[in-house]
>>> print(open('structure_13.pdb').read())   # PDB, C-alpha atoms, pLDDT in the B column
ATOM      1  CA  MET L 197     166.590  78.807 -29.333  1.00 65.00           C
ATOM      2  CA  GLU L 198     164.518  75.682 -28.845  1.00 77.00           C
ATOM      3  CA  MET L 199     161.256  77.440 -29.776  1.00 76.00           C
ATOM      4  CA  ALA L 200     162.601  78.510 -33.157  1.00 79.00           C
ATOM      5  CA  ARG L 201     163.827  74.973 -33.843  1.00 84.00           C
ATOM      6  CA  GLN L 202     160.462  73.410 -32.968  1.00 86.00           C
ATOM      7  CA  ARG L 203     158.591  75.974 -35.011  1.00 85.00           C
ATOM      8  CA  ALA L 204     160.863  75.405 -38.011  1.00 86.00           C
ATOM      9  CA  GLN L 205     159.908  71.713 -37.959  1.00 89.00           C
ATOM     10  CA  LEU L 206     156.172  72.380 -38.339  1.00 90.00           C
ATOM     11  CA  SER L 207     154.657  71.432 -41.684  1.00 91.00           C
ATOM     12  CA  GLU L 208     152.724  73.962 -43.771  1.00 93.00           C
ATOM     13  CA  GLU L 209     149.546  71.963 -43.205  1.00 95.00           C
ATOM     14  CA  SER L 210     150.063  71.887 -39.433  1.00 93.00           C
ATOM     15  CA  ILE L 211     150.710  75.642 -39.362  1.00 94.00           C
ATOM     16  CA  ARG L 212     147.610  76.305 -41.474  1.00 96.00           C
ATOM     17  CA  THR L 213     145.388  74.082 -39.300  1.00 96.00           C
ATOM     18  CA  LYS L 214     146.638  75.452 -35.975  1.00 96.00           C
ATOM     19  CA  SER L 215     146.434  79.032 -37.274  1.00 97.00           C
ATOM     20  CA  GLY L 216     142.815  78.444 -38.343  1.00 97.00           C
ATOM     21  CA  VAL L 217     141.908  77.312 -34.827  1.00 97.00           C
ATOM     22  CA  ILE L 218     143.651  80.362 -33.342  1.00 97.00           C
ATOM     23  CA  ALA L 219     141.763  82.626 -35.790  1.00 97.00           C
ATOM     24  CA  GLN L 220     138.440  81.129 -34.639  1.00 97.00           C
ATOM     25  CA  LYS L 221     139.359  81.754 -31.006  1.00 97.00           C
ATOM     26  CA  LEU L 222     140.324  85.323 -31.832  1.00 97.00           C
ATOM     27  CA  GLY L 223     136.938  85.893 -33.471  1.00 97.00           C
ATOM     28  CA  GLN L 224     135.209  84.797 -30.252  1.00 96.00           C
ATOM     29  CA  LEU L 225     137.340  87.015 -28.031  1.00 96.00           C
ATOM     30  CA  GLU L 226     135.255  89.799 -26.487  1.00 96.00           C
ATOM     31  CA  GLU L 227     138.114  92.312 -26.765  1.00 96.00           C
ATOM     32  CA  PHE L 228     138.481  91.566 -30.486  1.00 97.00           C
ATOM     33  CA  GLN L 229     134.751  91.958 -31.068  1.00 97.00           C
ATOM     34  CA  ALA L 230     134.685  95.303 -29.222  1.00 96.00           C
ATOM     35  CA  SER L 231     137.735  96.741 -31.012  1.00 97.00           C
ATOM     36  CA  ARG L 232     137.520  98.971 -34.079  1.00 97.00           C
ATOM     37  CA  ASN L 233     141.198  99.712 -34.890  1.00 97.00           C
ATOM     38  CA  LEU L 234     143.422  96.644 -34.821  1.00 98.00           C
ATOM     39  CA  LEU L 235     147.111  96.102 -35.497  1.00 97.00           C
ATOM     40  CA  PHE L 236     148.026  92.731 -36.975  1.00 97.00           C
ATOM     41  CA  PHE L 237     151.483  91.565 -37.964  1.00 95.00           C
ATOM     42  CA  LEU L 238     151.930  90.108 -41.441  1.00 96.00           C
ATOM     43  CA  SER L 239     153.207  86.659 -40.580  1.00 94.00           C
ATOM     44  CA  LEU L 240     156.370  84.949 -41.708  1.00 92.00           C
ATOM     45  CA  PRO L 241     156.001  81.371 -43.045  1.00 91.00           C
ATOM     46  CA  LYS L 242     156.696  79.579 -39.730  1.00 92.00           C
ATOM     47  CA  GLU L 243     154.647  81.916 -37.512  1.00 93.00           C
ATOM     48  CA  VAL L 244     150.968  81.730 -36.649  1.00 96.00           C
ATOM     49  CA  GLN L 245     149.383  82.790 -39.936  1.00 96.00           C
ATOM     50  CA  THR L 246     147.432  86.024 -39.646  1.00 97.00           C
ATOM     51  CA  ASP L 247     145.878  86.500 -43.100  1.00 97.00           C
ATOM     52  CA  GLU L 248     142.646  84.721 -42.094  1.00 96.00           C
ATOM     53  CA  MET L 249     142.422  86.884 -38.964  1.00 97.00           C
ATOM     54  CA  ILE L 250     143.037  90.043 -40.966  1.00 98.00           C
ATOM     55  CA  GLN L 251     140.358  89.113 -43.492  1.00 98.00           C
ATOM     56  CA  MET L 252     137.909  88.352 -40.694  1.00 97.00           C
ATOM     57  CA  ALA L 253     138.512  91.806 -39.170  1.00 98.00           C
ATOM     58  CA  LEU L 254     138.128  93.522 -42.542  1.00 98.00           C
ATOM     59  CA  ASP L 255     134.913  91.582 -43.246  1.00 97.00           C
ATOM     60  CA  LEU L 256     133.557  92.840 -39.909  1.00 97.00           C
ATOM     61  CA  GLY L 257     134.226  96.446 -40.964  1.00 97.00           C
ATOM     62  CA  LYS L 258     137.156  96.948 -38.613  1.00 98.00           C
ATOM     63  CA  ARG L 259     140.134  99.111 -39.553  1.00 98.00           C
ATOM     64  CA  VAL L 260     143.264  97.022 -39.861  1.00 98.00           C
ATOM     65  CA  TYR L 261     146.803  98.315 -39.477  1.00 98.00           C
ATOM     66  CA  VAL L 262     150.131  96.594 -40.027  1.00 97.00           C
ATOM     67  CA  PRO L 263     153.652  97.381 -38.797  1.00 94.00           C
ATOM     68  CA  LEU L 264     156.377  98.811 -40.991  1.00 94.00           C
ATOM     69  CA  VAL L 265     159.953  98.229 -39.871  1.00 90.00           C
ATOM     70  CA  ASP L 266     162.027 101.396 -39.660  1.00 89.00           C
ATOM     71  CA  ALA L 267     165.461  99.812 -39.237  1.00 83.00           C
ATOM     72  CA  ASP L 268     167.299 103.151 -39.230  1.00 85.00           C
ATOM     73  CA  ARG L 269     165.413 104.296 -36.143  1.00 86.00           C
ATOM     74  CA  ARG L 270     164.946 100.742 -34.785  1.00 84.00           C
ATOM     75  CA  ARG L 271     161.214 101.205 -34.408  1.00 87.00           C
ATOM     76  CA  LEU L 272     157.865 100.260 -35.916  1.00 91.00           C
ATOM     77  CA  ASN L 273     155.619 102.623 -37.811  1.00 93.00           C
ATOM     78  CA  ILE L 274     152.120 101.605 -38.841  1.00 95.00           C
ATOM     79  CA  SER L 275     150.027 101.836 -41.974  1.00 96.00           C
ATOM     80  CA  GLU L 276     146.355 101.134 -42.488  1.00 97.00           C
ATOM     81  CA  LEU L 277     145.832  98.038 -44.634  1.00 97.00           C
ATOM     82  CA  PRO L 278     143.068  98.453 -47.234  1.00 94.00           C
ATOM     83  CA  GLY L 279     142.864  94.703 -47.855  1.00 95.00           C
ATOM     84  CA  LEU L 280     144.872  91.610 -48.608  1.00 95.00           C
ATOM     85  CA  ASP L 281     144.365  91.911 -52.372  1.00 95.00           C
ATOM     86  CA  ILE L 282     147.010  94.611 -52.735  1.00 95.00           C
ATOM     87  CA  GLU L 283     150.632  94.396 -53.832  1.00 93.00           C
ATOM     88  CA  PHE L 284     153.051  93.664 -50.994  1.00 93.00           C
ATOM     89  CA  GLU L 285     156.812  94.105 -50.869  1.00 91.00           C
ATOM     90  CA  GLU L 286     159.185  91.901 -48.909  1.00 90.00           C
ATOM     91  CA  LYS L 287     161.162  94.170 -46.627  1.00 87.00           C
ATOM     92  CA  ARG L 288     163.650  93.833 -43.785  1.00 77.00           C
ATOM     93  CA  PHE L 289     163.718  90.450 -42.004  1.00 77.00           C
ATOM     94  CA  GLY L 290     161.586  89.036 -44.865  1.00 84.00           C
ATOM     95  CA  ILE L 291     158.485  90.808 -43.565  1.00 87.00           C
ATOM     96  CA  ARG L 292     155.702  91.695 -46.008  1.00 93.00           C
ATOM     97  CA  GLU L 293     154.633  95.325 -46.073  1.00 94.00           C
ATOM     98  CA  PRO L 294     152.056  97.071 -48.251  1.00 95.00           C
ATOM     99  CA  GLY L 295     153.520  98.377 -51.492  1.00 94.00           C
ATOM    100  CA  ALA L 296     154.232 102.141 -51.542  1.00 92.00           C
ATOM    101  CA  PRO L 297     150.993 103.105 -53.369  1.00 93.00           C
ATOM    102  CA  HIS L 298     148.973 101.457 -50.577  1.00 94.00           C
ATOM    103  CA  LEU L 299     150.683 103.063 -47.590  1.00 94.00           C
ATOM    104  CA  LYS L 300     148.446 105.154 -45.346  1.00 95.00           C
ATOM    105  CA  MET L 301     150.482 106.063 -42.291  1.00 95.00           C
ATOM    106  CA  ALA L 302     148.766 106.186 -38.916  1.00 94.00           C
ATOM    107  CA  SER L 303     149.556 106.785 -35.272  1.00 92.00           C
ATOM    108  CA  PRO L 304     149.822 104.113 -32.570  1.00 92.00           C
ATOM    109  CA  ARG L 305     147.349 106.312 -30.686  1.00 90.00           C
ATOM    110  CA  ASP L 306     144.652 105.256 -33.211  1.00 91.00           C
ATOM    111  CA  LEU L 307     144.738 101.635 -32.020  1.00 95.00           C
ATOM    112  CA  ASP L 308     142.599  99.815 -29.501  1.00 94.00           C
ATOM    113  CA  PHE L 309     143.886  96.264 -30.114  1.00 97.00           C
ATOM    114  CA  VAL L 310     147.324  94.827 -30.966  1.00 96.00           C
ATOM    115  CA  LEU L 311     148.066  91.253 -32.022  1.00 97.00           C
ATOM    116  CA  VAL L 312     151.628  90.521 -30.922  1.00 93.00           C
ATOM    117  CA  PRO L 313     154.045  87.943 -32.382  1.00 92.00           C
ATOM    118  CA  GLY L 314     156.741  86.193 -30.376  1.00 90.00           C
ATOM    119  CA  LEU L 315     159.051  83.221 -30.080  1.00 91.00           C
ATOM    120  CA  ALA L 316     157.708  82.411 -26.611  1.00 91.00           C
ATOM    121  CA  PHE L 317     155.167  83.711 -24.103  1.00 93.00           C
ATOM    122  CA  ASP L 318     154.563  82.940 -20.448  1.00 93.00           C
ATOM    123  CA  ARG L 319     151.455  82.833 -18.298  1.00 91.00           C
ATOM    124  CA  GLN L 320     152.222  86.254 -16.814  1.00 90.00           C
ATOM    125  CA  GLY L 321     152.147  87.842 -20.276  1.00 90.00           C
ATOM    126  CA  GLY L 322     155.908  87.875 -20.701  1.00 89.00           C
ATOM    127  CA  ARG L 323     157.209  87.606 -24.225  1.00 89.00           C
ATOM    128  CA  ILE L 324     160.430  86.772 -25.985  1.00 86.00           C
ATOM    129  CA  GLY L 325     160.530  88.357 -29.409  1.00 83.00           C
ATOM    130  CA  TYR L 326     163.203  88.217 -32.041  1.00 76.00           C
ATOM    131  CA  GLY L 327     165.798  90.237 -30.173  1.00 65.00           C
ATOM    132  CA  ALA L 328     165.590  93.724 -31.660  1.00 74.00           C
ATOM    133  CA  GLY L 329     163.010  95.157 -29.240  1.00 78.00           C
ATOM    134  CA  TYR L 330     160.827  96.688 -31.956  1.00 83.00           C
ATOM    135  CA  TYR L 331     157.522  95.522 -30.448  1.00 86.00           C
ATOM    136  CA  ASP L 332     158.409  96.426 -26.872  1.00 83.00           C
ATOM    137  CA  LYS L 333     159.303  99.961 -27.956  1.00 86.00           C
ATOM    138  CA  PHE L 334     156.127 100.161 -30.028  1.00 89.00           C
ATOM    139  CA  LEU L 335     153.886  98.861 -27.238  1.00 87.00           C
ATOM    140  CA  LYS L 336     155.163 101.642 -24.978  1.00 86.00           C
ATOM    141  CA  GLU L 337     153.817 104.145 -27.530  1.00 85.00           C
ATOM    142  CA  VAL L 338     150.245 102.839 -27.533  1.00 87.00           C
ATOM    143  CA  GLN L 339     147.697 104.065 -25.041  1.00 82.00           C
ATOM    144  CA  ASP L 340     147.116 102.148 -21.816  1.00 82.00           C
ATOM    145  CA  HIS L 341     143.645 100.958 -22.820  1.00 87.00           C
ATOM    146  CA  VAL L 342     144.958  99.151 -25.920  1.00 92.00           C
ATOM    147  CA  PHE L 343     144.400  95.418 -25.557  1.00 95.00           C
ATOM    148  CA  ARG L 344     147.480  93.264 -26.291  1.00 95.00           C
ATOM    149  CA  VAL L 345     147.071  89.633 -27.373  1.00 96.00           C
ATOM    150  CA  GLY L 346     149.929  87.281 -28.141  1.00 96.00           C
ATOM    151  CA  VAL L 347     149.434  84.461 -30.619  1.00 96.00           C
ATOM    152  CA  ALA L 348     151.611  81.377 -30.622  1.00 95.00           C
ATOM    153  CA  PHE L 349     151.575  77.646 -31.095  1.00 95.00           C
ATOM    154  CA  ASP L 350     150.934  75.699 -27.918  1.00 94.00           C
ATOM    155  CA  PHE L 351     154.573  74.665 -27.381  1.00 93.00           C
ATOM    156  CA  GLN L 352     155.546  78.359 -27.352  1.00 92.00           C
ATOM    157  CA  ALA L 353     153.474  79.045 -24.205  1.00 92.00           C
ATOM    158  CA  LEU L 354     155.698  78.437 -21.176  1.00 91.00           C
ATOM    159  CA  ASP L 355     155.234  78.744 -17.427  1.00 91.00           C
ATOM    160  CA  ALA L 356     157.823  81.508 -17.066  1.00 89.00           C
ATOM    161  CA  ILE L 357     160.428  83.310 -19.165  1.00 88.00           C
ATOM    162  CA  PRO L 358     163.004  85.929 -18.150  1.00 85.00           C
ATOM    163  CA  GLN L 359     161.775  89.520 -18.418  1.00 81.00           C
ATOM    164  CA  THR L 360     163.298  92.971 -17.972  1.00 79.00           C
ATOM    165  CA  ASP L 361     161.872  96.435 -17.302  1.00 76.00           C
ATOM    166  CA  LEU L 362     161.971  97.050 -21.068  1.00 75.00           C
ATOM    167  CA  ASP L 363     159.505  94.231 -21.809  1.00 79.00           C
ATOM    168  CA  VAL L 364     155.805  95.024 -22.231  1.00 84.00           C
ATOM    169  CA  PRO L 365     153.490  92.123 -21.340  1.00 87.00           C
ATOM    170  CA  VAL L 366     150.439  90.938 -23.258  1.00 92.00           C
ATOM    171  CA  GLN L 367     147.093  90.499 -21.515  1.00 94.00           C
ATOM    172  CA  LYS L 368     146.026  87.277 -23.206  1.00 96.00           C
ATOM    173  CA  ILE L 369     147.692  84.550 -25.237  1.00 96.00           C
ATOM    174  CA  LEU L 370     145.905  82.492 -27.863  1.00 96.00           C
ATOM    175  CA  THR L 371     147.215  79.098 -28.924  1.00 96.00           C
ATOM    176  CA  GLU L 372     145.486  76.296 -30.797  1.00 96.00           C
ATOM    177  CA  ASN L 373     144.790  74.557 -27.459  1.00 95.00           C
ATOM    178  CA  SER L 374     144.256  77.372 -24.989  1.00 92.00           C
ATOM    179  CA  LEU L 375     143.271  80.899 -24.146  1.00 92.00           C
ATOM    180  CA  ILE L 376     145.566  82.143 -21.407  1.00 90.00           C
ATOM    181  CA  THR L 377     144.542  85.182 -19.383  1.00 90.00           C
ATOM    182  CA  CYS L 378     147.676  86.743 -17.960  1.00 88.00           C
TER     183      CYS L 378
END
>>> encode(input="structure_13.pdb", output="structure tokens")
Amino acid sequence: MEMARQRAQLSEESIRTKSGVIAQKLGQLEEFQASRNLLFFLSLPKEVQTDEMIQMALDLGKRVYVPLVDADRRRLNISELPGLDIEFEEKRFGIREPGAPHLKMASPRDLDFVLVPGLAFDRQGGRIGYGAGYYDKFLKEVQDHVFRVGVAFDFQALDAIPQTDLDVPVQKILTENSLITC
């Protein structure tokens, strides 16, 4: 896909700079400020980097959770994250997860905010993920009041993308250049 190709061409410095701007915008977001229990994804190298956002939430006294890939059941579980200074393990798809001694399983019902990754988003909140449907299934498990925010680089925000009944939209999208209310 074109989005993956463009993202792969970004330099580390460009990713770090753009991610820092997105983190600042997240910190100013009213829904972020009002939330107490937030799910963040642990980013892959070419995604919007989330460590700064996670640290900001922890510094504000918020409870931070991260997804754990359960490939056998093709779903996401979640664990509370005590901090970024713990030992992580690289798991399926190259995703970092807290090491076993640091796992503290939780329920999606505990959340009030979810930061959502994606290859592309559109202005209606549509999202194209990585093809396995893990996030869409997970987002159907969270309560209706949970606020869903997609983060992406500006070129990943499109006017429209194909969606199905299985897709769960986000309510806002943050890029380095815009805040899109869907």
>>> residues_around(input="structure_13.pdb", residues="region 221-233 of chain L", least_positions_apart="2", cutoff="8 Å", atoms="only C-alpha atoms", output="ChimeraX atom specification")
/L:217-219,235,249,252,258-261,306-309,343,370,375
>>> closest_residue(input="structure_13.pdb", among="L:Asp332, L:Glu243, L:Glu248, L:Glu283", to="Arg344 (chain L)", atoms="all atoms listed in the file")
L:Asp332
>>> axis_aligned_box(input="structure_13.pdb", around="region 256-274 of chain L", padding_each_side="4 Å", output="lines of an AutoDock Vina configuration file")
center_x = 150.4
center_y = 98.6
center_z = -37.7
size_x = 41.7
size_y = 19.5
size_z = 14.6
>>> residues_around(input="structure_13.pdb", residues="Pro304 (chain L)", least_positions_apart="2", cutoff="8 Å", atoms="only C-alpha atoms", output="PDB file with C-alpha atoms, in the coordinates of the input")
ATOM      1  CA  ASN L 273     155.619 102.623 -37.811  1.00 93.00           C
ATOM      2  CA  ILE L 274     152.120 101.605 -38.841  1.00 95.00           C
ATOM      3  CA  ALA L 302     148.766 106.186 -38.916  1.00 94.00           C
ATOM      4  CA  ASP L 306     144.652 105.256 -33.211  1.00 91.00           C
ATOM      5  CA  LEU L 307     144.738 101.635 -32.020  1.00 95.00           C
ATOM      6  CA  PHE L 334     156.127 100.161 -30.028  1.00 89.00           C
ATOM      7  CA  GLU L 337     153.817 104.145 -27.530  1.00 85.00           C
ATOM      8  CA  VAL L 338     150.245 102.839 -27.533  1.00 87.00           C
ATOM      9  CA  GLN L 339     147.697 104.065 -25.041  1.00 82.00           C
TER      10      GLN L 339
END
>>> closest_residue(input="structure_13.pdb", among="L:Leu234, L:Arg323, L:Leu206, L:Leu362", to="Leu256 (chain L)", atoms="only C-alpha atoms")
L:Leu234
>>> atom_distance(input="structure_13.pdb", atom1="CA of Lys287 (chain L)", atom2="CA of Val310 (chain L)")
20.9 Å
>>> residues_around(input="structure_13.pdb", residues="Glu208 (chain L)", least_positions_apart="6", cutoff="12 Å", atoms="all atoms listed in the file", output="compact mmCIF listing (two decimals) with C-alpha atoms, in the frame of the given file")
# COMPACT_ATOMS: atom_id res chain seq x y z
CA LYS L 214 146.64 75.45 -35.98
CA SER L 215 146.43 79.03 -37.27
CA LEU L 240 156.37 84.95 -41.71
CA PRO L 241 156.00 81.37 -43.04
CA LYS L 242 156.70 79.58 -39.73
CA GLU L 243 154.65 81.92 -37.51
CA VAL L 244 150.97 81.73 -36.65
CA GLN L 245 149.38 82.79 -39.94
>>> atom_distance(input="structure_13.pdb", atom1="CA of Gly325 (chain L)", atom2="CA of Pro278 (chain L)")
26.9 Å
>>> resolve_selection(input="structure_13.pdb", expression="the PyMOL selection byres ((chain L and resi 262-267) around 7)", output="MDAnalysis selection string")
chainID L and resid 235:238 260:261 268:277 288 293
>>> closest_residue(input="structure_13.pdb", among="L:Gln367, L:Leu354, L:Arg319, L:Arg203", to="His341 (chain L)", atoms="only C-alpha atoms")
L:Gln367
>>> closest_residue(input="structure_13.pdb", among="L:Ser239, L:Asp281, L:Lys333, L:Ser303", to="Gln251 (chain L)", atoms="only C-alpha atoms")
L:Asp281
>>> closest_residue(input="structure_13.pdb", among="L:Ile250, L:Arg305, L:Phe317, L:Asp350", to="Leu335 (chain L)", atoms="only C-alpha atoms")
L:Arg305
>>> resolve_selection(input="structure_13.pdb", expression="the PyMOL selection byres ((chain L and resi 322) around 10)", output="ChimeraX atom specification")
/L:314,316-321,323-325,346,353-360,363-367,369,378
>>> atom_distance(input="structure_13.pdb", atom1="CA of Ile211 (chain L)", atom2="CA of Ile282 (chain L)")
23.5 Å
>>> closest_residue(input="structure_13.pdb", among="L:Arg212, L:Leu280, L:Asn373, L:Ala328", to="Gln352 (chain L)", atoms="all atoms listed in the file")
L:Asn373
>>> build_atoms(input="structure_13.pdb", residues="region 333-364 of chain L", atoms="N, CA and C atoms", output="PDB file, in the coordinates of the input")
ATOM      1  N   LYS L 333     159.269  98.504 -27.792  1.00 86.00           N
ATOM      2  CA  LYS L 333     159.303  99.961 -27.956  1.00 86.00           C
ATOM      3  C   LYS L 333     157.960 100.461 -28.467  1.00 86.00           C
ATOM      4  N   PHE L 334     157.406  99.754 -29.448  1.00 89.00           N
ATOM      5  CA  PHE L 334     156.127 100.161 -30.028  1.00 89.00           C
ATOM      6  C   PHE L 334     155.005 100.099 -28.986  1.00 89.00           C
ATOM      7  N   LEU L 335     154.965  99.024 -28.213  1.00 87.00           N
ATOM      8  CA  LEU L 335     153.886  98.861 -27.238  1.00 87.00           C
ATOM      9  C   LEU L 335     153.917  99.943 -26.153  1.00 87.00           C
ATOM     10  N   LYS L 336     155.086 100.530 -25.938  1.00 86.00           N
ATOM     11  CA  LYS L 336     155.163 101.642 -24.978  1.00 86.00           C
ATOM     12  C   LYS L 336     154.570 102.920 -25.552  1.00 86.00           C
ATOM     13  N   GLU L 337     154.395 102.969 -26.873  1.00 85.00           N
ATOM     14  CA  GLU L 337     153.817 104.145 -27.530  1.00 85.00           C
ATOM     15  C   GLU L 337     152.293 104.107 -27.580  1.00 85.00           C
ATOM     16  N   VAL L 338     151.705 102.928 -27.442  1.00 87.00           N
ATOM     17  CA  VAL L 338     150.245 102.839 -27.533  1.00 87.00           C
ATOM     18  C   VAL L 338     149.623 103.234 -26.195  1.00 87.00           C
ATOM     19  N   GLN L 339     148.379 103.630 -26.247  1.00 82.00           N
ATOM     20  CA  GLN L 339     147.697 104.065 -25.041  1.00 82.00           C
ATOM     21  C   GLN L 339     147.453 102.886 -24.110  1.00 82.00           C
ATOM     22  N   ASP L 340     147.270 103.189 -22.834  1.00 82.00           N
ATOM     23  CA  ASP L 340     147.116 102.148 -21.816  1.00 82.00           C
ATOM     24  C   ASP L 340     145.919 101.238 -22.042  1.00 82.00           C
ATOM     25  N   HIS L 341     144.851 101.765 -22.636  1.00 87.00           N
ATOM     26  CA  HIS L 341     143.645 100.958 -22.820  1.00 87.00           C
ATOM     27  C   HIS L 341     143.757  99.948 -23.971  1.00 87.00           C
ATOM     28  N   VAL L 342     144.808 100.037 -24.774  1.00 92.00           N
ATOM     29  CA  VAL L 342     144.958  99.151 -25.920  1.00 92.00           C
ATOM     30  C   VAL L 342     145.157  97.719 -25.440  1.00 92.00           C
ATOM     31  N   PHE L 343     144.341  96.814 -25.966  1.00 95.00           N
ATOM     32  CA  PHE L 343     144.400  95.418 -25.557  1.00 95.00           C
ATOM     33  C   PHE L 343     145.471  94.695 -26.358  1.00 95.00           C
ATOM     34  N   ARG L 344     146.343  93.955 -25.670  1.00 95.00           N
ATOM     35  CA  ARG L 344     147.480  93.264 -26.291  1.00 95.00           C
ATOM     36  C   ARG L 344     147.302  91.750 -26.174  1.00 95.00           C
ATOM     37  N   VAL L 345     147.256  91.085 -27.332  1.00 96.00           N
ATOM     38  CA  VAL L 345     147.071  89.633 -27.373  1.00 96.00           C
ATOM     39  C   VAL L 345     148.228  88.999 -28.122  1.00 96.00           C
ATOM     40  N   GLY L 346     148.877  88.047 -27.485  1.00 96.00           N
ATOM     41  CA  GLY L 346     149.929  87.281 -28.141  1.00 96.00           C
ATOM     42  C   GLY L 346     149.330  86.051 -28.804  1.00 96.00           C
ATOM     43  N   VAL L 347     149.844  85.695 -29.957  1.00 96.00           N
ATOM     44  CA  VAL L 347     149.434  84.461 -30.619  1.00 96.00           C
ATOM     45  C   VAL L 347     150.660  83.594 -30.827  1.00 96.00           C
ATOM     46  N   ALA L 348     150.486  82.302 -30.538  1.00 95.00           N
ATOM     47  CA  ALA L 348     151.611  81.377 -30.622  1.00 95.00           C
ATOM     48  C   ALA L 348     151.070  79.957 -30.735  1.00 95.00           C
ATOM     49  N   PHE L 349     151.927  79.062 -31.136  1.00 95.00           N
ATOM     50  CA  PHE L 349     151.575  77.646 -31.095  1.00 95.00           C
ATOM     51  C   PHE L 349     151.731  77.175 -29.658  1.00 95.00           C
ATOM     52  N   ASP L 350     151.017  76.128 -29.310  1.00 94.00           N
ATOM     53  CA  ASP L 350     150.934  75.699 -27.918  1.00 94.00           C
ATOM     54  C   ASP L 350     152.310  75.501 -27.261  1.00 94.00           C
ATOM     55  N   PHE L 351     153.253  74.929 -27.977  1.00 93.00           N
ATOM     56  CA  PHE L 351     154.573  74.665 -27.381  1.00 93.00           C
ATOM     57  C   PHE L 351     155.351  75.940 -27.078  1.00 93.00           C
ATOM     58  N   GLN L 352     154.879  77.082 -27.599  1.00 92.00           N
ATOM     59  CA  GLN L 352     155.546  78.359 -27.352  1.00 92.00           C
ATOM     60  C   GLN L 352     155.037  79.046 -26.088  1.00 92.00           C
ATOM     61  N   ALA L 353     154.019  78.490 -25.443  1.00 92.00           N
ATOM     62  CA  ALA L 353     153.474  79.045 -24.205  1.00 92.00           C
ATOM     63  C   ALA L 353     154.110  78.308 -23.031  1.00 92.00           C
ATOM     64  N   LEU L 354     154.931  79.021 -22.267  1.00 91.00           N
ATOM     65  CA  LEU L 354     155.698  78.437 -21.176  1.00 91.00           C
ATOM     66  C   LEU L 354     155.195  78.939 -19.832  1.00 91.00           C
ATOM     67  N   ASP L 355     155.628  78.300 -18.767  1.00 91.00           N
ATOM     68  CA  ASP L 355     155.234  78.744 -17.427  1.00 91.00           C
ATOM     69  C   ASP L 355     155.861  80.083 -17.067  1.00 91.00           C
ATOM     70  N   ALA L 356     157.138  80.256 -17.393  1.00 89.00           N
ATOM     71  CA  ALA L 356     157.823  81.508 -17.066  1.00 89.00           C
ATOM     72  C   ALA L 356     159.004  81.701 -18.010  1.00 89.00           C
ATOM     73  N   ILE L 357     159.253  82.960 -18.365  1.00 88.00           N
ATOM     74  CA  ILE L 357     160.428  83.310 -19.165  1.00 88.00           C
ATOM     75  C   ILE L 357     161.052  84.559 -18.549  1.00 88.00           C
ATOM     76  N   PRO L 358     162.348  84.755 -18.719  1.00 85.00           N
ATOM     77  CA  PRO L 358     163.004  85.929 -18.150  1.00 85.00           C
ATOM     78  C   PRO L 358     162.463  87.214 -18.782  1.00 85.00           C
ATOM     79  N   GLN L 359     162.265  88.226 -17.948  1.00 81.00           N
ATOM     80  CA  GLN L 359     161.775  89.520 -18.418  1.00 81.00           C
ATOM     81  C   GLN L 359     162.625  90.636 -17.813  1.00 81.00           C
ATOM     82  N   THR L 360     162.612  91.785 -18.489  1.00 79.00           N
ATOM     83  CA  THR L 360     163.298  92.971 -17.972  1.00 79.00           C
ATOM     84  C   THR L 360     162.295  94.118 -17.890  1.00 79.00           C
ATOM     85  N   ASP L 361     162.734  95.258 -17.383  1.00 76.00           N
ATOM     86  CA  ASP L 361     161.872  96.435 -17.302  1.00 76.00           C
ATOM     87  C   ASP L 361     161.501  96.966 -18.682  1.00 76.00           C
ATOM     88  N   LEU L 362     162.247  96.579 -19.706  1.00 75.00           N
ATOM     89  CA  LEU L 362     161.971  97.050 -21.068  1.00 75.00           C
ATOM     90  C   LEU L 362     160.847  96.269 -21.737  1.00 75.00           C
ATOM     91  N   ASP L 363     160.515  95.096 -21.201  1.00 79.00           N
ATOM     92  CA  ASP L 363     159.505  94.231 -21.809  1.00 79.00           C
ATOM     93  C   ASP L 363     158.093  94.693 -21.450  1.00 79.00           C
ATOM     94  N   VAL L 364     157.205  94.655 -22.436  1.00 84.00           N
ATOM     95  CA  VAL L 364     155.805  95.024 -22.231  1.00 84.00           C
ATOM     96  C   VAL L 364     154.971  93.750 -22.362  1.00 84.00           C
TER      97      VAL L 364
END
